[in-house]
Structure formats: C-alpha cells, structure tokens
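One file, structure_28.txt, carrying compact mmCIF, C-alpha atoms and all ligand atoms:
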```txt
# COMPACT_ATOMS: atom_id res chain seq x y z
CA ASN V 1 0.00 0.00 0.00
CA ALA V 2 1.64 3.21 -1.23
CA VAL V 3 1.94 5.86 1.44
CA PHE V 4 1.00 9.31 0.21
CA PRO V 5 2.98 12.43 1.06
CA ARG V 6 1.72 14.00 4.27
CA PRO V 7 1.05 17.75 4.53
CA LEU V 8 3.09 19.49 7.21
CA ASN V 9 -0.02 20.84 8.95
CA THR V 10 -3.66 19.87 8.85
CA THR V 11 -5.04 21.19 5.57
CA VAL V 12 -8.73 22.07 5.49
CA ILE V 13 -10.40 21.90 2.08
CA ALA V 14 -13.94 23.09 1.35
CA VAL V 15 -15.47 21.08 -1.52
CA SER V 16 -17.86 23.62 -2.95
CA ASN V 17 -19.94 24.64 -5.95
CA GLN V 18 -23.28 26.39 -5.52
CA LYS V 19 -24.69 24.20 -8.29
CA GLY V 20 -26.30 20.98 -7.13
CA GLY V 21 -25.52 17.63 -8.68
CA VAL V 22 -22.02 18.44 -9.94
CA GLY V 23 -20.25 15.79 -7.85
CA LYS V 24 -19.33 17.65 -4.63
CA THR V 25 -20.39 14.90 -2.26
CA THR V 26 -19.10 12.10 -4.48
CA THR V 27 -15.77 13.88 -4.67
CA ALA V 28 -15.55 14.64 -0.93
CA VAL V 29 -16.21 11.06 0.17
CA ASN V 30 -14.17 9.30 -2.49
CA LEU V 31 -11.17 11.62 -2.25
CA ALA V 32 -11.34 11.11 1.51
CA ALA V 33 -11.40 7.31 1.12
CA GLY V 34 -8.57 7.51 -1.42
CA LEU V 35 -6.46 9.65 0.91
CA ALA V 36 -7.15 7.30 3.82
CA ALA V 37 -6.18 4.33 1.62
CA GLY V 38 -2.93 6.22 0.99
CA GLY V 39 -2.22 6.16 4.71
CA LEU V 40 -3.42 9.65 5.68
CA GLN V 41 -5.69 10.56 8.60
CA VAL V 42 -8.76 12.17 7.09
CA LEU V 43 -11.91 13.81 8.42
CA VAL V 44 -15.01 14.54 6.36
CA ILE V 45 -17.25 17.26 7.81
CA ASP V 46 -20.72 17.08 6.30
CA VAL V 47 -22.16 20.58 6.15
CA ASP V 48 -25.10 19.80 3.84
CA PRO V 49 -28.44 19.29 5.64
CA GLN V 50 -29.19 16.54 3.11
CA GLY V 51 -26.43 14.49 4.74
CA ASN V 52 -25.51 12.75 1.50
CA ALA V 53 -21.85 12.42 2.47
CA SER V 54 -22.91 10.79 5.74
CA THR V 55 -25.10 8.33 3.80
CA ALA V 56 -22.34 7.55 1.33
CA LEU V 57 -19.93 6.83 4.19
CA GLY V 58 -22.40 4.50 5.91
CA ILE V 59 -23.01 6.78 8.91
CA GLU V 60 -26.41 7.01 10.56
CA HIS V 61 -27.71 10.57 10.40
CA VAL V 62 -31.35 10.65 11.46
CA SER V 63 -32.55 13.83 13.11
CA GLY V 64 -31.16 14.12 16.63
CA VAL V 65 -27.92 12.12 16.31
CA PRO V 66 -24.83 14.14 17.26
CA SER V 67 -23.92 16.08 14.14
CA THR V 68 -22.55 19.23 12.55
CA TYR V 69 -25.69 20.95 13.82
CA ASP V 70 -24.43 20.49 17.40
CA VAL V 71 -20.99 21.78 16.43
CA LEU V 72 -22.43 24.97 14.92
CA VAL V 73 -25.54 25.71 16.96
CA GLY V 74 -24.51 24.00 20.22
CA GLU V 75 -20.80 24.88 19.87
CA GLU V 76 -19.93 21.32 20.88
CA ALA V 77 -16.41 19.98 20.37
CA LEU V 78 -15.74 18.11 17.14
CA GLU V 79 -14.21 15.22 19.08
CA ASP V 80 -17.57 14.59 20.78
CA ILE V 81 -19.35 14.33 17.43
CA ILE V 82 -16.90 12.58 15.12
CA VAL V 83 -17.39 8.90 14.32
CA ARG V 84 -15.14 6.38 12.64
CA SER V 85 -15.87 5.19 9.12
CA PRO V 86 -17.03 1.56 9.40
CA GLU V 87 -15.19 0.75 6.18
CA HIS V 88 -12.04 2.82 5.84
CA GLN V 89 -9.18 2.88 8.32
CA GLY V 90 -8.00 6.41 9.03
CA LEU V 91 -11.26 8.01 7.89
CA PHE V 92 -13.56 9.87 10.29
CA VAL V 93 -16.85 11.65 9.78
CA CYS V 94 -18.75 14.52 11.34
CA PRO V 95 -22.23 13.68 10.04
CA ALA V 96 -25.00 16.07 9.07
CA THR V 97 -28.68 15.66 9.82
CA ILE V 98 -31.73 17.47 8.56
CA ASP V 99 -31.54 19.55 11.79
CA LEU V 100 -28.92 21.59 9.95
CA ALA V 101 -31.60 22.89 7.59
CA GLY V 102 -32.75 25.30 10.31
CA ALA V 103 -29.28 26.38 11.39
CA GLU V 104 -28.96 29.35 9.03
CA VAL V 105 -32.08 30.90 10.54
CA GLU V 106 -31.19 29.92 14.12
CA LEU V 107 -27.75 31.48 13.77
CA ALA V 108 -28.85 34.61 11.90
CA GLY V 109 -28.51 36.91 14.92
CA ARG V 110 -25.54 35.27 16.62
CA VAL V 111 -22.31 37.26 16.95
CA GLY V 112 -19.43 35.45 15.27
CA ARG V 113 -21.76 33.15 13.36
CA GLU V 114 -19.32 32.94 10.41
CA TYR V 115 -16.55 31.55 12.66
CA LEU V 116 -18.36 28.66 14.34
CA LEU V 117 -16.89 25.88 12.22
CA ALA V 118 -13.46 27.53 12.08
CA ASN V 119 -13.41 27.75 15.90
CA ALA V 120 -14.37 24.07 16.22
CA VAL V 121 -11.66 22.99 13.78
CA GLU V 122 -9.02 25.19 15.45
CA ASP V 123 -9.92 23.90 18.91
CA HIS V 124 -9.67 20.36 17.62
CA ILE V 125 -6.23 20.92 16.14
CA ARG V 126 -5.04 22.84 19.20
CA ASN V 127 -6.09 19.92 21.40
CA GLY V 128 -3.64 17.77 19.50
CA ARG V 129 -6.12 15.67 17.55
CA GLN V 130 -4.27 15.65 14.27
CA PHE V 131 -5.77 15.04 10.90
CA ASP V 132 -3.70 15.37 7.75
CA ILE V 133 -6.62 16.56 5.68
CA ILE V 134 -10.13 17.74 6.54
CA LEU V 135 -12.62 17.79 3.66
CA ILE V 136 -15.81 19.82 4.11
CA ASP V 137 -18.77 18.77 1.94
CA CYS V 138 -20.67 22.00 1.28
CA PRO V 139 -24.35 22.45 0.42
CA PRO V 140 -25.38 23.75 -3.04
CA SER V 141 -25.64 27.39 -1.98
CA LEU V 142 -23.41 30.24 -0.84
CA GLY V 143 -25.27 30.87 2.42
CA LEU V 144 -24.05 30.86 6.02
CA LEU V 145 -23.17 27.13 6.05
CA THR V 146 -20.86 27.56 3.07
CA VAL V 147 -19.45 30.77 4.58
CA ASN V 148 -18.61 28.76 7.72
CA ALA V 149 -16.84 26.20 5.54
CA PHE V 150 -14.90 28.95 3.71
CA VAL V 151 -13.83 30.61 6.95
CA ALA V 152 -12.65 27.26 8.35
CA ALA V 153 -10.82 26.25 5.17
CA ASP V 154 -7.32 26.80 3.82
CA GLN V 155 -8.49 26.22 0.29
CA VAL V 156 -11.47 25.52 -1.92
CA LEU V 157 -11.75 22.55 -4.27
CA ILE V 158 -14.41 22.99 -6.95
CA PRO V 159 -15.85 19.91 -8.66
CA VAL V 160 -16.91 20.87 -12.18
CA GLN V 161 -19.33 18.70 -14.11
CA THR V 162 -18.32 18.66 -17.77
CA GLU V 163 -21.62 19.78 -19.26
CA TYR V 164 -22.71 22.80 -21.24
CA TYR V 165 -23.29 25.18 -18.33
CA ALA V 166 -20.13 24.22 -16.46
CA LEU V 167 -18.45 27.63 -16.49
CA GLU V 168 -21.62 29.50 -15.71
CA GLY V 169 -21.65 30.25 -12.02
CA LEU V 170 -17.93 29.64 -11.57
CA SER V 171 -17.17 33.37 -11.67
CA LEU V 172 -19.69 34.01 -8.88
CA LEU V 173 -18.09 31.24 -6.85
CA VAL V 174 -14.58 32.62 -7.43
CA GLN V 175 -15.79 36.14 -6.49
CA THR V 176 -17.35 34.80 -3.32
CA VAL V 177 -14.08 33.13 -2.34
CA GLU V 178 -12.25 36.43 -2.98
CA ARG V 179 -14.73 38.30 -0.84
CA ILE V 180 -14.30 35.86 2.03
CA ARG V 181 -10.52 36.13 1.68
CA GLU V 182 -10.69 39.93 1.92
CA SER V 183 -13.11 40.04 4.84
CA LEU V 184 -13.00 36.89 6.98
CA ASN V 185 -10.20 34.48 6.02
CA PRO V 186 -6.96 35.75 4.41
CA ARG V 187 -5.68 32.16 3.91
CA LEU V 188 -8.43 31.16 1.51
CA SER V 189 -7.91 30.46 -2.19
CA VAL V 190 -9.38 28.36 -4.97
CA ALA V 191 -6.58 25.83 -5.10
CA SER V 192 -8.09 23.16 -7.29
CA LEU V 193 -10.79 22.18 -9.74
CA LEU V 194 -11.70 18.57 -10.48
CA LEU V 195 -13.49 17.63 -13.69
CA THR V 196 -16.24 15.14 -12.91
CA MET V 197 -18.65 12.95 -14.87
CA VAL V 198 -16.40 13.20 -17.90
CA ASP V 199 -17.87 11.27 -20.77
CA GLY V 200 -15.11 10.24 -23.15
CA ARG V 201 -17.59 9.48 -25.90
CA THR V 202 -19.04 12.97 -26.26
CA ARG V 203 -17.34 15.89 -27.92
CA LEU V 204 -19.15 18.31 -25.57
CA SER V 205 -17.54 16.78 -22.50
CA ALA V 206 -14.08 17.10 -24.06
CA GLU V 207 -14.75 20.67 -25.17
CA VAL V 208 -15.92 21.75 -21.74
CA ALA V 209 -12.93 20.05 -20.11
CA HIS V 210 -10.64 21.93 -22.49
CA GLU V 211 -12.37 25.25 -21.78
CA VAL V 212 -12.17 24.84 -18.00
CA ARG V 213 -8.46 23.97 -18.31
CA GLU V 214 -7.88 27.14 -20.34
CA HIS V 215 -9.55 29.29 -17.68
CA PHE V 216 -7.83 27.63 -14.70
CA PRO V 217 -4.58 26.19 -16.07
CA GLN V 218 -2.84 25.88 -12.68
CA GLN V 219 -5.78 24.69 -10.67
CA VAL V 220 -7.39 21.89 -12.68
CA PHE V 221 -6.28 18.40 -11.65
CA ASP V 222 -4.65 16.31 -14.39
CA THR V 223 -6.87 13.45 -13.29
CA GLU V 224 -10.46 13.51 -14.59
CA ILE V 225 -13.31 11.55 -13.02
CA PRO V 226 -15.20 9.54 -15.66
CA ARG V 227 -18.94 9.09 -15.69
CA SER V 228 -19.47 5.67 -14.12
CA VAL V 229 -22.60 3.79 -13.09
CA ARG V 230 -20.66 2.21 -10.20
CA ILE V 231 -19.88 5.66 -8.77
CA SER V 232 -23.57 6.52 -8.71
CA GLU V 233 -24.60 3.11 -7.29
CA ALA V 234 -22.17 3.04 -4.37
CA PRO V 235 -24.04 5.46 -2.04
CA SER V 236 -27.16 3.29 -2.05
CA TYR V 237 -25.03 0.62 -0.34
CA GLY V 238 -23.64 3.15 2.14
CA GLN V 239 -20.25 2.74 0.51
CA THR V 240 -17.65 4.76 -1.30
CA VAL V 241 -16.91 3.53 -4.81
CA ILE V 242 -13.49 2.57 -3.48
CA ALA V 243 -15.13 0.02 -1.17
CA TYR V 244 -17.95 -0.93 -3.54
CA ASP V 245 -15.97 -1.45 -6.73
CA PRO V 246 -12.29 -1.65 -5.77
CA ARG V 247 -10.99 -2.28 -9.29
CA GLY V 248 -13.39 -0.10 -11.28
CA THR V 249 -12.56 2.98 -13.32
CA GLY V 250 -14.17 5.26 -10.72
CA THR V 251 -11.96 3.88 -7.97
CA VAL V 252 -8.83 4.18 -10.10
CA ALA V 253 -9.69 7.79 -10.93
CA TYR V 254 -10.50 8.89 -7.37
CA ARG V 255 -7.37 7.18 -5.98
CA GLU V 256 -5.32 8.93 -8.64
CA ALA V 257 -6.97 12.29 -7.83
CA ALA V 258 -6.31 11.69 -4.11
CA LEU V 259 -2.62 11.07 -4.84
CA GLU V 260 -2.49 14.21 -6.96
CA LEU V 261 -4.00 16.22 -4.11
CA ALA V 262 -1.60 14.74 -1.55
CA LYS V 263 1.37 15.55 -3.79
CA ARG V 264 0.23 19.14 -4.25
CA LEU V 265 -0.18 19.61 -0.50
CA GLY V 266 3.17 17.91 0.09
CA ASP V 267 4.82 20.33 -2.36
CA GLU V 268 3.52 23.29 -0.33
CA LYS V 269 5.84 22.34 2.55
P1 LIG F 301 -23.51 17.30 -5.38
O1 LIG F 301 -23.00 16.91 -4.05
O2 LIG F 301 -22.71 18.34 -6.08
O3 LIG F 301 -24.97 17.66 -5.36
P2 LIG F 301 -23.32 14.48 -6.01
O4 LIG F 301 -21.93 14.09 -5.67
O5 LIG F 301 -24.38 14.12 -5.03
O6 LIG F 301 -23.39 16.02 -6.36
O7 LIG F 301 -23.64 13.86 -7.44
C1 LIG F 301 -24.90 14.09 -8.07
C2 LIG F 301 -25.38 12.77 -8.68
O8 LIG F 301 -24.49 12.36 -9.69
C3 LIG F 301 -25.45 11.65 -7.67
O9 LIG F 301 -26.55 10.83 -7.97
C4 LIG F 301 -24.15 10.91 -7.90
O10 LIG F 301 -24.24 9.54 -7.54
C5 LIG F 301 -23.95 11.08 -9.39
N1 LIG F 301 -22.54 11.09 -9.76
C6 LIG F 301 -21.55 11.82 -9.22
N2 LIG F 301 -20.37 11.60 -9.82
C7 LIG F 301 -20.63 10.69 -10.81
C8 LIG F 301 -19.83 10.05 -11.80
N3 LIG F 301 -18.52 10.29 -11.93
N4 LIG F 301 -20.43 9.16 -12.63
C9 LIG F 301 -21.76 8.92 -12.51
N5 LIG F 301 -22.57 9.47 -11.61
C10 LIG F 301 -22.02 10.37 -10.76
MG MG F 302 -23.90 17.04 -2.17
```
Could you render the structure from this file as structure tokens?
Ligand code: ADP
Ligand code: MG
Amino acid sequence: NAVFPRPLNTTVIAVSNQKGGVGKTTTAVNLAAGLAAGGLQVLVIDVDPQGNASTALGIEHVSGVPSTYDVLVGEEALEDIIVRSPEHQGLFVCPATIDLAGAEVELAGRVGREYLLANAVEDHIRNGRQFDIILIDCPPSLGLLTVNAFVAADQVLIPVQTEYYALEGLSLLVQTVERIRESLNPRLSVASLLLTMVDGRTRLSAEVAHEVREHFPQQVFDTEIPRSVRISEAPSYGQTVIAYDPRGTGTVAYREAALELAKRLGDEK
C-alpha cells in the first residue's frame, strides 16, 4: 500500500460549488477514502443538511444524532461528534442531519456566526487531535453554512461537471471566495478544480474540459473523473466507490486524484 505524502499541517479543504448535482459529495467522500487508503488521517465534515456524504460513508444521520448541527448551533467539540468510518481505516466523519436545515435561521442573529466551524476545527487541532486533511462537503448554496466552511478552510476545491453550463456560475463562486478572503479568512484560495462525470464518448464533454483547463490552467487536476454507473450506485449501499468497486474505473480515478491532491499539499511544505 503506497503511502502518500503527508502535509506538514492539517489542511482544510472546502469542496464547494453552488450548483447541485455536480459531484461535490461524491468527490468529498471518495477523495477522503482515497487519501485514507494512501495512509493519511482524514476527516469529512458534512455541512449539507441533506447528509448525502454521511449516507455515502455509511453513517447514521437521522434527526437528533450528534452532528454538525451540534458543532455549529450548540458549539460542541468536534471530538464529541466525530465517528469512525465503518469501512475505511483512518477516515472519520462529522455527520449532518436534517436539523442543519434550520441552522442558518437559528444562527442569523448570533455574533461570530461565520466563525463557528473555524473555531471548532481550530480547537480540535489545538487539542492535538491531528488530521492530515479535513474535507468539508458544502451544500449547493453560498449561504451561512458555506461561509462557515470557507472561513474554516485553507483552500477551496471545486468539482466541475463537464456539461454545457459548467463555467456559468464559476465566476460568482470565485468572487465569493475572494470576498471571504478579503473580509473573513486571508488564507483562503481556490486551489483546485476537479473535472467530474467526464464522458469520453461525447465531444461536448471534451470541449468543456478543455475550456475549464484554459480558464484555470494551474488549478485543474490532471486526473479527470469519468462518468461511471458504479460511482452513482455506491451510495445506495452506504459505501464509497473505493469500497464498492475496488478495481473499477471510478476507484482508479479517485485514488489517482487523491494522490495528486496529496502531492500538491506535500509540495507546499
Ligand atoms: P452534489 O454533491 O454536487 O450535489 P453528487 O456528488 O451528489 O453532487 O452527485 C450528483 C449525482 O451524480 C449523484 O446521484 C451521484 O451519484 C452522481 N454522480 C456523481 N459523480 C458521478 C460520476 N462520476 N459518474 C456517474 N454518476 C455520478
Ligand atoms: Mg452534495
């Protein structure tokens, strides 16, 4: 089992795109599993009230179970909420429940509401609980939950579905990241884009991939994630594709993308 390069400090990555259905959750959970398979200690924080990342990682997340809601609204410590992945050694999860759907309203008047997740992550690191990489699965919006993710993060990873409207909305997302950098979190940058659901048989998919690479030459991962039925089936078994279909094209691609990410973070040392 190859051991991936380890970042010097815990690196927090918000997986974000305000569009739904572009592969955020799929990317967060499968990159996390790939990084854990590479020997790194990884935490996935589910910040989407839908809790799809929690489902895909086989973690119970019915209303009321300890979750990201308690971290944000109850200001509870991450270590009291985090659970182990039943499948992947080195992978931990802070699950989300539907309770989180009310959090934006509940927190609307609270002082420091943008810093709640950042504070929890910093406390966790300061208490010596080390993760190499923390991946935050963001909801499909740029509201307070995503702002919390951006304030907690060192960098943003944007999954881009290779379809006609791919670039639409990316400028708003990039502007939002800039605004957060200027006002709330000077560390933040859009460090990477990952092309997802790439369909090798269509010219459109190739054209969009080319266009995104032209716009973001430094940021786009060399690895592309192909469209794969196995990738879409895995969550219904509460599994990552890496557990569900260990030799499939989806697994190969996500493990490759995970290695690419680890190498980039290693190079930052
Ligand atoms: P988001 O979190 O951005 O809303 P998801 O990761 O949930 O997006 O993906 C949206 C849908 O597309 C899901 O049904 C998922 O299983 C499917 N999907 C994601 N990536 C792929 C892929 N590479 N090939 C096929 N289906 C995919
Ligand atoms: Mg999602």
Note to self: Need to verify the contact set: V:Glu104, 8 Å, all atoms listed in the file, exclusion of same-chain residues closer than 6 positions in sequence. Can you return it as an NGL selection string?
What the structure shows: :V and (143-145)
Margin query: Given the point (-18.9, 9.8, 14.7) in the file's coordinates, find the residues that have an atom at most 10 Å from it, counting only C-alpha atoms, and give them as JSON, numbers by chain.
Written below: {"V": [54, 59, 60, 61, 65, 66, 67, 78, 79, 80, 81, 82, 83, 84, 85, 86, 92, 93, 94, 95]}
Store the residues picked out above in a file with C-alpha atoms, as a compact mmCIF listing (two decimals), in the frame of the given file.
```
# COMPACT_ATOMS: atom_id res chain seq x y z
CA SER V 54 -22.91 10.79 5.74
CA ILE V 59 -23.01 6.78 8.91
CA GLU V 60 -26.41 7.01 10.56
CA HIS V 61 -27.71 10.57 10.40
CA VAL V 65 -27.92 12.12 16.31
CA PRO V 66 -24.83 14.14 17.26
CA SER V 67 -23.92 16.08 14.14
CA LEU V 78 -15.74 18.11 17.14
CA GLU V 79 -14.21 15.22 19.08
CA ASP V 80 -17.57 14.59 20.78
CA ILE V 81 -19.35 14.33 17.43
CA ILE V 82 -16.90 12.58 15.12
CA VAL V 83 -17.39 8.90 14.32
CA ARG V 84 -15.14 6.38 12.64
CA SER V 85 -15.87 5.19 9.12
CA PRO V 86 -17.03 1.56 9.40
CA PHE V 92 -13.56 9.87 10.29
CA VAL V 93 -16.85 11.65 9.78
CA CYS V 94 -18.75 14.52 11.34
CA PRO V 95 -22.23 13.68 10.04
```
Next item on the list: For V:Thr68, list every protein, DNA or RNA residue within 6 Å, evaluated using only C-alpha atoms, and leave out those in the same chain fewer than 2 positions away; present the list as a ChimeraX atom specification.
Entry: /V:70-71,96
Checklist line | Selection as a VMD selection string: residues within 7 Å of (-8.2, 16.4, 5.6), counting all atoms listed in the file | finding: chain V and resid 10 to 13 42 to 43 131 to 135
Using only C-alpha atoms and all ligand atoms, what does the table of chain V residues within 8 Å of ligand MG 302 (chain F) look like, with each row giving the shortest atom pair and its distance in Å to one decimal, sorted by chain and ascending number, as CSV?
```
residue,atom,partner,partner_atom,distance
V:Gly20,CA,F:MG302,MG,6.8
V:Gly21,CA,F:MG302,MG,6.7
V:Gly23,CA,F:MG302,MG,6.9
V:Lys24,CA,F:MG302,MG,5.2
V:Thr25,CA,F:MG302,MG,4.1
V:Thr26,CA,F:MG302,MG,7.3
V:Asp48,CA,F:MG302,MG,6.7
V:Gln50,CA,F:MG302,MG,7.5
V:Gly51,CA,F:MG302,MG,7.8
V:Asn52,CA,F:MG302,MG,5.9
V:Ala53,CA,F:MG302,MG,6.9
V:Asp137,CA,F:MG302,MG,6.8
V:Cys138,CA,F:MG302,MG,6.9
V:Pro139,CA,F:MG302,MG,6.0
V:Pro140,CA,F:MG302,MG,6.9
```
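With distances taken over only C-alpha atoms, V:Ser16 is the one residue among V:Ser16, V:Thr162, V:Gln239, V:Asn9 lying closest to V:Val47.
The gap separating atom CA of V:Gly169 from atom CA of V:Leu57 is 28.5 Å, in Å to one decimal.
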